[in-house]
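work_29.cif (mmCIF, C-alpha atoms) appears below.
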```
data_upload
loop_
_atom_site.label_atom_id
_atom_site.label_comp_id
_atom_site.auth_asym_id
_atom_site.auth_seq_id
_atom_site.Cartn_x
_atom_site.Cartn_y
_atom_site.Cartn_z
CA MET A 1 -0.96 -25.91 -6.37
CA TYR A 2 -2.03 -22.28 -6.20
CA ARG A 3 -1.79 -21.72 -9.96
CA ALA A 4 -3.20 -25.10 -10.96
CA LEU A 5 -6.01 -25.51 -8.43
CA ILE A 6 -6.67 -22.66 -6.00
CA ARG A 7 -6.49 -19.74 -8.42
CA PRO A 8 -8.87 -21.27 -11.01
CA LEU A 9 -11.39 -21.94 -8.25
CA LEU A 10 -11.12 -18.40 -6.92
CA TYR A 11 -11.57 -17.07 -10.45
CA LEU A 12 -15.01 -18.66 -10.53
CA LEU A 13 -15.98 -15.95 -8.06
CA SER A 14 -16.04 -12.20 -8.50
CA ALA A 15 -12.70 -10.57 -7.68
CA GLU A 16 -13.95 -8.93 -4.48
CA THR A 17 -15.72 -12.08 -3.25
CA ALA A 18 -12.61 -14.14 -3.91
CA HIS A 19 -10.52 -11.63 -1.96
CA HIS A 20 -12.80 -11.78 1.08
CA LEU A 21 -12.91 -15.59 0.94
CA ALA A 22 -9.14 -16.06 0.66
CA PHE A 23 -8.34 -13.41 3.27
CA GLY A 24 -10.99 -14.75 5.62
CA CYS A 25 -9.68 -18.30 5.34
CA LEU A 26 -6.13 -17.13 6.08
CA CYS A 27 -7.28 -15.25 9.17
CA ILE A 28 -9.26 -18.25 10.44
CA VAL A 29 -6.37 -20.65 9.94
CA ALA A 30 -3.84 -18.26 11.48
CA ALA A 31 -6.04 -17.84 14.56
CA ILE A 32 -5.58 -21.53 15.48
CA PRO A 33 -3.06 -21.74 18.34
CA GLY A 34 0.41 -22.56 17.09
CA VAL A 35 -0.36 -21.99 13.43
CA LYS A 36 1.23 -18.56 12.97
CA PRO A 37 4.69 -19.75 14.08
CA LEU A 38 4.29 -22.72 11.74
CA LEU A 39 3.36 -20.44 8.86
CA ARG A 40 6.37 -18.25 9.59
CA SER A 41 8.66 -21.26 9.49
CA ILE A 42 7.26 -22.18 6.08
CA PHE A 43 6.81 -18.83 4.38
CA HIS A 44 9.64 -16.67 5.71
CA SER A 45 12.92 -17.05 3.87
CA ARG A 46 15.90 -17.89 6.06
CA ASP A 47 18.06 -16.17 3.45
CA ALA A 48 16.20 -12.86 3.74
CA ARG A 49 18.19 -9.75 4.58
CA ARG A 50 17.00 -7.42 7.34
CA VAL A 51 16.50 -3.80 6.36
CA ASP A 52 16.97 -0.87 8.75
CA ALA A 53 14.77 2.04 7.74
CA LEU A 54 12.36 4.55 9.30
CA GLY A 55 13.93 3.78 12.67
CA LEU A 56 12.71 0.20 12.38
CA SER A 57 14.32 -3.16 11.63
CA PHE A 58 12.36 -4.96 8.91
CA PRO A 59 12.81 -8.75 8.66
CA ASN A 60 12.88 -8.35 4.87
CA ALA A 61 12.23 -5.67 2.27
CA ILE A 62 8.93 -7.06 0.94
CA GLY A 63 5.73 -5.46 2.21
CA LEU A 64 2.04 -5.74 1.44
CA ALA A 65 0.60 -2.54 0.00
CA ALA A 66 -2.42 -0.78 1.46
CA GLY A 67 -5.83 -1.91 0.24
CA PHE A 68 -5.59 -5.60 1.09
CA ASP A 69 -6.25 -5.35 4.84
CA LYS A 70 -8.31 -2.18 4.92
CA ASP A 71 -9.46 -2.42 8.54
CA ALA A 72 -6.43 -3.91 10.34
CA ILE A 73 -8.16 -7.25 10.69
CA GLY A 74 -5.45 -9.70 9.69
CA TYR A 75 -2.06 -8.05 9.59
CA GLU A 76 -0.51 -10.68 11.87
CA ALA A 77 -1.82 -13.46 9.62
CA LEU A 78 -0.41 -11.66 6.58
CA GLY A 79 2.87 -11.06 8.37
CA SER A 80 3.14 -14.80 8.95
CA ILE A 81 3.17 -15.62 5.22
CA GLY A 82 6.45 -13.96 4.40
CA PHE A 83 5.84 -10.22 4.45
CA GLY A 84 8.41 -8.04 6.18
CA PHE A 85 5.71 -5.46 6.90
CA VAL A 86 2.04 -4.81 6.19
CA GLU A 87 0.42 -1.46 5.37
CA ILE A 88 -3.21 -1.40 6.46
CA GLY A 89 -5.94 0.93 5.25
CA THR A 90 -6.75 3.20 3.61
CA LEU A 91 -8.52 4.41 6.77
CA THR A 92 -10.69 7.53 6.69
CA GLY A 93 -11.90 9.81 9.46
CA GLN A 94 -15.45 8.50 9.09
CA PRO A 95 -16.61 4.99 8.18
CA GLN A 96 -17.85 4.68 4.62
CA PRO A 97 -19.13 1.87 2.36
CA GLY A 98 -17.09 2.83 -0.69
CA ASN A 99 -18.36 2.78 -4.24
CA PRO A 100 -21.17 0.51 -5.49
CA THR A 101 -20.28 -3.05 -6.46
CA PRO A 102 -18.92 -4.50 -8.67
CA ARG A 103 -15.80 -2.42 -8.10
CA LEU A 104 -12.85 -4.80 -8.48
CA PHE A 105 -11.99 -6.51 -11.78
CA ARG A 106 -9.32 -8.79 -13.20
CA LEU A 107 -7.52 -8.38 -16.52
CA PRO A 108 -5.78 -11.80 -16.68
CA LYS A 109 -4.03 -11.20 -20.01
CA ASP A 110 -2.21 -8.28 -18.38
CA ARG A 111 -2.01 -9.91 -14.93
CA ALA A 112 -3.61 -6.68 -13.76
CA LEU A 113 -6.47 -5.45 -11.63
CA VAL A 114 -8.81 -2.49 -11.95
CA ASN A 115 -10.39 -1.19 -8.77
CA ARG A 116 -12.68 1.65 -7.83
CA MET A 117 -13.22 0.57 -4.23
CA GLY A 118 -13.54 4.15 -2.98
CA PHE A 119 -11.84 3.76 0.42
CA ASN A 120 -14.42 1.33 1.81
CA ASN A 121 -13.54 0.96 5.51
CA ARG A 122 -14.97 1.08 9.02
CA GLY A 123 -13.19 4.30 9.87
CA SER A 124 -9.97 5.03 11.72
CA ALA A 125 -11.63 4.97 15.15
CA ASP A 126 -12.75 1.37 14.62
CA ALA A 127 -9.25 0.17 13.72
CA VAL A 128 -7.53 1.58 16.79
CA GLY A 129 -8.50 -1.28 19.08
CA ARG A 130 -6.94 -3.83 16.73
CA LEU A 131 -3.74 -1.80 16.42
CA ARG A 132 -3.16 -1.54 20.17
CA GLY A 133 -0.80 -3.77 22.06
CA PRO A 134 2.31 -5.74 21.18
CA ARG A 135 2.60 -7.38 17.77
CA ARG A 136 5.20 -9.21 15.78
CA THR A 137 4.43 -7.65 12.39
CA ILE A 138 5.55 -4.14 11.46
CA VAL A 139 2.38 -2.23 10.54
CA GLY A 140 2.12 0.98 8.57
CA VAL A 141 -1.19 2.86 8.55
CA ASN A 142 -2.41 4.50 5.36
CA ILE A 143 -4.90 7.37 5.90
CA GLY A 144 -7.12 9.12 3.36
CA LYS A 145 -9.97 11.60 3.01
CA THR A 146 -13.57 10.72 3.78
CA LYS A 147 -15.58 11.10 0.56
CA VAL A 148 -18.29 13.34 2.03
CA VAL A 149 -15.75 15.73 3.52
CA SER A 150 -15.13 18.82 1.41
CA GLU A 151 -11.67 19.79 0.22
CA GLY A 152 -11.78 22.70 2.63
CA ASP A 153 -12.18 20.33 5.58
CA ALA A 154 -9.76 17.70 4.26
CA ILE A 155 -6.88 18.65 6.54
CA ASN A 156 -8.98 18.22 9.66
CA ASP A 157 -10.23 14.85 8.39
CA TYR A 158 -6.67 13.59 7.96
CA VAL A 159 -5.63 15.03 11.33
CA VAL A 160 -8.48 13.20 13.09
CA SER A 161 -7.22 9.88 11.72
CA ALA A 162 -3.58 10.73 12.44
CA ARG A 163 -4.37 11.48 16.08
CA ARG A 164 -6.18 8.17 16.43
CA VAL A 165 -3.67 5.86 14.80
CA GLY A 166 -0.42 7.72 15.49
CA PRO A 167 0.29 6.15 18.90
CA HIS A 168 -0.15 2.65 17.46
CA ALA A 169 1.34 2.89 13.95
CA ASP A 170 4.92 1.95 13.11
CA TYR A 171 4.65 4.53 10.34
CA VAL A 172 1.87 6.62 8.76
CA VAL A 173 1.24 7.26 5.06
CA VAL A 174 -0.85 10.17 3.79
CA ASN A 175 -2.70 8.94 0.72
CA VAL A 176 -3.54 11.73 -1.72
CA SER A 177 -3.20 9.61 -4.85
CA SER A 178 -6.15 7.24 -5.13
CA PRO A 179 -8.16 7.95 -8.30
CA ASN A 180 -11.38 6.69 -6.68
CA THR A 181 -12.23 9.55 -4.31
CA PRO A 182 -13.41 12.64 -6.22
CA GLY A 183 -10.97 15.52 -5.93
CA LEU A 184 -8.42 13.57 -3.86
CA ARG A 185 -5.60 13.80 -6.38
CA ASP A 186 -6.00 17.58 -6.43
CA LEU A 187 -4.39 17.49 -2.98
CA GLN A 188 -1.12 16.38 -4.60
CA ALA A 189 -0.55 19.96 -5.76
CA THR A 190 2.24 21.20 -3.49
CA GLU A 191 0.38 24.32 -2.39
CA LYS A 192 -2.37 22.06 -0.98
CA LEU A 193 -0.17 19.15 0.06
CA ARG A 194 2.27 21.20 2.14
CA PRO A 195 -0.23 22.43 4.79
CA LEU A 196 -1.83 18.97 4.90
CA LEU A 197 1.45 17.22 5.64
CA GLN A 198 2.48 19.90 8.12
CA ALA A 199 -0.78 19.44 10.03
CA VAL A 200 -0.46 15.65 10.09
CA ARG A 201 3.16 15.90 11.26
CA GLU A 202 2.15 18.20 14.11
CA ALA A 203 -0.69 15.88 15.10
CA LEU A 204 1.61 12.87 15.23
CA ASN A 205 4.11 14.79 17.35
CA GLU A 206 1.38 15.77 19.79
CA VAL A 207 -0.10 12.29 20.28
CA SER A 208 3.25 10.51 20.36
CA PRO A 209 5.70 12.91 22.05
CA ALA A 210 8.04 10.15 23.24
CA ARG A 211 8.35 8.39 19.88
CA HIS A 212 8.92 9.75 16.40
CA VAL A 213 6.21 8.32 14.14
CA PRO A 214 7.61 8.22 10.59
CA LEU A 215 5.46 10.09 8.07
CA LEU A 216 5.39 9.34 4.35
CA VAL A 217 3.25 10.48 1.42
CA LYS A 218 1.92 8.23 -1.35
CA ILE A 219 1.90 9.66 -4.87
CA ALA A 220 0.32 8.71 -8.19
CA PRO A 221 2.20 7.45 -11.25
CA ASP A 222 0.20 9.90 -13.35
CA LEU A 223 1.99 12.95 -11.93
CA ALA A 224 4.05 14.85 -14.47
CA ASP A 225 7.81 14.62 -13.95
CA ASP A 226 7.99 18.23 -12.77
CA ASP A 227 5.32 17.52 -10.17
CA VAL A 228 7.22 14.45 -8.96
CA ASP A 229 10.26 16.69 -8.51
CA ALA A 230 8.17 19.26 -6.66
CA VAL A 231 6.84 16.65 -4.23
CA ALA A 232 10.37 15.36 -3.63
CA ASP A 233 11.65 18.89 -2.88
CA MET A 234 8.73 19.54 -0.55
CA ALA A 235 9.22 16.23 1.28
CA LEU A 236 12.83 17.18 1.96
CA ASP A 237 11.88 20.68 3.01
CA LEU A 238 9.25 19.44 5.45
CA GLY A 239 11.48 16.73 6.86
CA LEU A 240 9.24 13.85 5.82
CA ASP A 241 10.59 10.36 6.36
CA GLY A 242 9.78 8.95 2.95
CA ILE A 243 7.64 8.61 -0.15
CA VAL A 244 5.58 5.65 -1.36
CA ALA A 245 5.65 5.49 -5.16
CA THR A 246 3.34 4.70 -6.74
CA ASN A 247 -0.42 4.26 -6.43
CA THR A 248 -2.61 2.91 -9.26
CA THR A 249 -2.93 4.60 -12.65
CA ILE A 250 -5.92 5.88 -14.59
CA ARG A 251 -4.13 5.21 -17.89
CA ARG A 252 -5.14 2.26 -20.08
CA ASP A 253 -2.55 2.33 -22.88
CA GLY A 254 -0.39 -0.63 -23.84
CA LEU A 255 -2.68 -3.35 -22.49
CA GLN A 256 -2.93 -6.85 -23.95
CA SER A 257 -6.58 -7.16 -22.96
CA SER A 258 -9.16 -6.32 -25.61
CA ALA A 259 -10.83 -2.94 -25.66
CA GLU A 260 -14.10 -4.67 -24.75
CA GLU A 261 -12.57 -6.29 -21.65
CA VAL A 262 -11.10 -3.00 -20.52
CA GLU A 263 -14.36 -1.19 -21.17
CA ARG A 264 -16.28 -3.72 -19.05
CA CYS A 265 -14.05 -2.87 -16.09
CA GLY A 266 -14.97 0.79 -16.32
CA SER A 267 -13.23 3.55 -14.40
CA GLY A 268 -10.80 3.07 -11.56
CA GLY A 269 -7.15 2.52 -10.79
CA LEU A 270 -5.14 0.00 -12.81
CA SER A 271 -2.47 -2.01 -10.98
CA GLY A 272 -0.03 -4.76 -11.88
CA PRO A 273 2.60 -5.16 -14.64
CA PRO A 274 1.29 -2.27 -16.79
CA LEU A 275 2.55 0.01 -13.99
CA HIS A 276 6.06 -1.42 -13.90
CA HIS A 277 7.89 0.98 -16.21
CA ARG A 278 6.31 4.18 -14.90
CA ALA A 279 6.75 3.14 -11.27
CA LEU A 280 10.43 2.49 -11.99
CA GLU A 281 10.78 5.86 -13.73
CA VAL A 282 9.24 7.69 -10.78
CA LEU A 283 11.48 5.81 -8.36
CA LYS A 284 14.63 6.76 -10.28
CA ARG A 285 13.51 10.39 -10.45
CA LEU A 286 12.83 10.51 -6.71
CA LYS A 287 16.18 8.89 -5.95
CA ALA A 288 18.01 11.41 -8.13
CA LYS A 289 16.29 14.24 -6.25
CA THR A 290 16.51 12.96 -2.69
CA GLY A 291 19.59 10.75 -2.59
CA ASP A 292 19.74 8.90 0.72
CA ARG A 293 17.76 11.50 2.65
CA LEU A 294 14.38 9.77 2.30
CA THR A 295 13.13 6.21 2.56
CA LEU A 296 11.63 5.30 -0.82
CA ILE A 297 9.04 2.52 -0.88
CA SER A 298 8.54 1.30 -4.44
CA VAL A 299 5.27 -0.33 -5.46
CA GLY A 300 3.70 -1.10 -8.82
CA GLY A 301 4.17 -4.07 -11.14
CA ILE A 302 6.73 -6.03 -9.10
CA GLU A 303 6.32 -9.75 -9.87
CA THR A 304 9.74 -11.38 -10.02
CA PRO A 305 12.96 -11.45 -7.95
CA GLU A 306 14.71 -9.79 -10.88
CA GLN A 307 12.25 -6.89 -10.83
CA ALA A 308 12.56 -6.62 -7.06
CA ARG A 309 16.34 -6.39 -7.29
CA GLU A 310 16.00 -3.80 -10.06
CA ARG A 311 13.95 -1.58 -7.76
CA ILE A 312 16.45 -1.92 -4.93
CA GLU A 313 19.30 -1.07 -7.28
CA ALA A 314 17.30 1.93 -8.57
CA GLY A 315 17.08 3.36 -5.07
CA ALA A 316 14.19 1.74 -3.23
CA THR A 317 14.75 0.91 0.42
CA LEU A 318 11.58 -1.17 0.72
CA LEU A 319 9.13 -2.73 -1.75
CA GLN A 320 5.40 -3.42 -1.72
CA ILE A 321 3.24 -5.80 -3.72
CA TYR A 322 -0.50 -6.42 -4.04
CA THR A 323 -1.69 -7.48 -7.49
CA ALA A 324 1.14 -9.98 -7.99
CA LEU A 325 0.05 -11.75 -4.80
CA ILE A 326 -3.35 -12.37 -6.40
CA TYR A 327 -1.80 -13.90 -9.50
CA GLU A 328 1.21 -15.68 -8.00
CA GLY A 329 -0.02 -16.83 -4.59
CA PRO A 330 1.27 -16.78 -1.02
CA PHE A 331 4.83 -17.98 -1.67
CA LEU A 332 5.63 -14.86 -3.70
CA PRO A 333 6.86 -12.75 -0.74
CA LYS A 334 9.34 -15.48 0.18
CA ARG A 335 10.64 -15.72 -3.39
CA LEU A 336 11.05 -11.96 -3.63
CA ALA A 337 12.74 -11.66 -0.24
CA LYS A 338 15.16 -14.43 -1.14
CA GLY A 339 15.82 -12.89 -4.56
CA VAL A 340 16.58 -9.48 -3.08
CA ALA A 341 18.97 -11.03 -0.56
#
```

Could you show the structure in this file as C-alpha cells?
Amino acid sequence: MYRALIRPLLYLLSAETAHHLAFGCLCIVAAIPGVKPLLRSIFHSRDARRVDALGLSFPNAIGLAAGFDKDAIGYEALGSIGFGFVEIGTLTGQPQPGNPTPRLFRLPKDRALVNRMGFNNRGSADAVGRLRGPRRTIVGVNIGKTKVVSEGDAINDYVVSARRVGPHADYVVVNVSSPNTPGLRDLQATEKLRPLLQAVREALNEVSPARHVPLLVKIAPDLADDDVDAVADMALDLGLDGIVATNTTIRRDGLQSSAEEVERCGSGGLSGPPLHHRALEVLKRLKAKTGDRLTLISVGGIETPEQARERIEAGATLLQIYTALIYEGPFLPKRLAKGVA
C-alpha cells in the first residue's frame, strides 16, 4: 500500500512538505489513547533480538538516525513503529531556522536524498521539556554547532546543549560532520575535536553525576582513511563510548540520476544507497582499529535485511536508517530487525 498509493501521493508534494505531513499524521494518530500499544503490536517484530550496548538494553538493533525528529516532538510515535531507538536532533545551543527553502530533494533513480537543512531546530533548551520524564523509547540526542557561533566559541555552544540535554538523554552524539553548517567539518580535525569532546564529557559528568551518559561522535564518510584512523585512536584515548558512522556525503559520483537532476538539487549532503559502500568501508576500518572497545553505530545506505546483517557482521553493534524509510515505508524497521535476528 505504501509503495503503490501513499508514496506516489506524497511525491506530489515537495520533499520537506511531505515529511512534515507524514510525520505530523503519525504523531496525531499515535496520540490517540491506546494507539501506541496497538502500533507496537503491529510494527515490532516478535523475532527481534535485544541488543545490550552503551549500558542500555535495546529492543532491537534498528534505530532512526538524527534529522527526522529534530525537536524531540514524536520519538514515542516513531518508537512505536518498530524502531529500537530514536536519535533526535540535531539540536543547537540557539534556535535557528536553517537554510532557505527548498532544501530537501529526492533522487528517485538512486533512491537517495539531498539535503541542506542547516540544523533547523528550536534549540536545545526548547527540547528539554519534551525529553523529561519516563518514556518507553530509547532516545539519543544529537547536538551540533549554532551557525552564527564562531569556531572559537564552538566548544561553549556544544557544552551549553550538553548541559541541558545530558540529564534526559539515553546517550549523546556530538555532530561535527554535517556538510550544511559552514566550517563544521573542520572540527573533525583531531586537534580541534579532542578539546571539544573533552569539554562535552566533563559537562555530562557534571550534570549527571549519578549516571554515566554515553558519549559518541558522528563522523563524515568523506574523511580520508588516515583521518578515520585518527578519530578512532582519539575516541579510545578519551574513553568515548562509541562512534556513529557515517553522516551524509558531499560527493556525487556514481549516481544513476542525470547530471541535470543532480544539478537541480544543488549543494548539500547526499544520503541513501550511494553511501552504502563507503559507509561499510568506514565501519570495517573503525572495527579493525577499535575491536570491541567501542559501540559502532552504522548508518548510510541500509535498505535490506541482507545489508543490515552485513553491517552487523562487519562490526556494527547498532544500525540507523533514514532515507530508506522514505522510500520503503513504515514496515522497514520490522523487516530489518527480523532479518538481523

Provide an axis-aligned box for all listed atoms of stretch 114-132 of chain A, padding each side by 8 Å; report its centre and its edge lengths in Å to one decimal, as AutoDock Vina command-line options.
```
--center_x -9.1 --center_y 0.6 --center_z 4.1 --size_x 27.8 --size_y 24.9 --size_z 48.1
```

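The shortest atom-to-atom distance to A:Asp225, with only C-alpha atoms taken into account, belongs to A:Lys289 out of A:Gly93, A:Gly272, A:Val176, A:Lys289.
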
Kindly assemble as a Markdown table a list of the stretch 238-281 of chain A residues that lie within 10 Å of stretch 319-334 of chain A, each paired with its nearest atom pair and their distance in Å to one decimal, using all atoms listed in the file, sorted first by chain and then by ascending residue number.
```
| residue | atom | partner | partner_atom | distance |
| --- | --- | --- | --- | --- |
| A:Val244 | CA | A:Gln320 | CA | 9.1 |
| A:Ala245 | CA | A:Gln320 | CA | 9.6 |
| A:Thr246 | CA | A:Gln320 | CA | 9.8 |
| A:Leu270 | CA | A:Thr323 | CA | 9.8 |
| A:Ser271 | CA | A:Thr323 | CA | 6.5 |
| A:Gly272 | CA | A:Thr323 | CA | 5.4 |
| A:Pro273 | CA | A:Ala324 | CA | 8.3 |
```

Apply the PyMOL selection byres ((chain A and resi 339) around 12) to the structure shown and report the selected residues as a ChimeraX atom specification. /A:45-49,60-62,303-312,332-338,340-341

Now that the selection is made, can you save its residues with C-alpha atoms as a PDB file, keeping the file's coordinate frame?
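The file below, out-v8.pdb, is the result:
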```pdb
ATOM      1  CA  SER A  45      12.920 -17.050   3.870  1.00  0.00           C
ATOM      2  CA  ARG A  46      15.900 -17.890   6.060  1.00  0.00           C
ATOM      3  CA  ASP A  47      18.060 -16.170   3.450  1.00  0.00           C
ATOM      4  CA  ALA A  48      16.200 -12.860   3.740  1.00  0.00           C
ATOM      5  CA  ARG A  49      18.190  -9.750   4.580  1.00  0.00           C
ATOM      6  CA  ASN A  60      12.880  -8.350   4.870  1.00  0.00           C
ATOM      7  CA  ALA A  61      12.230  -5.670   2.270  1.00  0.00           C
ATOM      8  CA  ILE A  62       8.930  -7.060   0.940  1.00  0.00           C
ATOM      9  CA  GLU A 303       6.320  -9.750  -9.870  1.00  0.00           C
ATOM     10  CA  THR A 304       9.740 -11.380 -10.020  1.00  0.00           C
ATOM     11  CA  PRO A 305      12.960 -11.450  -7.950  1.00  0.00           C
ATOM     12  CA  GLU A 306      14.710  -9.790 -10.880  1.00  0.00           C
ATOM     13  CA  GLN A 307      12.250  -6.890 -10.830  1.00  0.00           C
ATOM     14  CA  ALA A 308      12.560  -6.620  -7.060  1.00  0.00           C
ATOM     15  CA  ARG A 309      16.340  -6.390  -7.290  1.00  0.00           C
ATOM     16  CA  GLU A 310      16.000  -3.800 -10.060  1.00  0.00           C
ATOM     17  CA  ARG A 311      13.950  -1.580  -7.760  1.00  0.00           C
ATOM     18  CA  ILE A 312      16.450  -1.920  -4.930  1.00  0.00           C
ATOM     19  CA  LEU A 332       5.630 -14.860  -3.700  1.00  0.00           C
ATOM     20  CA  PRO A 333       6.860 -12.750  -0.740  1.00  0.00           C
ATOM     21  CA  LYS A 334       9.340 -15.480   0.180  1.00  0.00           C
ATOM     22  CA  ARG A 335      10.640 -15.720  -3.390  1.00  0.00           C
ATOM     23  CA  LEU A 336      11.050 -11.960  -3.630  1.00  0.00           C
ATOM     24  CA  ALA A 337      12.740 -11.660  -0.240  1.00  0.00           C
ATOM     25  CA  LYS A 338      15.160 -14.430  -1.140  1.00  0.00           C
ATOM     26  CA  VAL A 340      16.580  -9.480  -3.080  1.00  0.00           C
ATOM     27  CA  ALA A 341      18.970 -11.030  -0.560  1.00  0.00           C
TER      28      ALA A 341
END
```

Explicit residue set for the PyMOL selection byres ((chain A and resi 76-87) around 8), as a PyMOL selection string: chain A and resi 26-27+30-31+36-37+39-40+42-45+58-66+69+74-75+88-89+135-142+330-331+333-334

Quick check on the file I pasted: which residues fall under the PyMOL selection byres ((chain A and resi 100-117) around 10)? Write them as an NGL selection string. :A and (11 or 14-17 or 19 or 67 or 97-99 or 118-121 or 178-181 or 248-250 or 254-258 or 261-262 or 264-275 or 301 or 303 or 322-324 or 326-328)

Coordinates-based distance that separates atom CA of A:His276 from atom CA of A:Ile219 (Å, one decimal): 14.9 Å

Tell me, in Å to one decimal, how far atom CA of A:Ile73 is from atom CA of A:Leu204.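 Rounded to one decimal, the two atoms are 22.8 Å apart.
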
Looking at A:Val128, A:Ile243, A:Asp233, A:Asn205, which one is nearest to A:Ser177, with distances taken over only C-alpha atoms?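 Checking each candidate against A:Ser177, we get A:Ile243 as the closest.
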
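The spacing separating atom CA of A:Thr295 from atom CA of A:Leu54 amounts to 7.0 Å.
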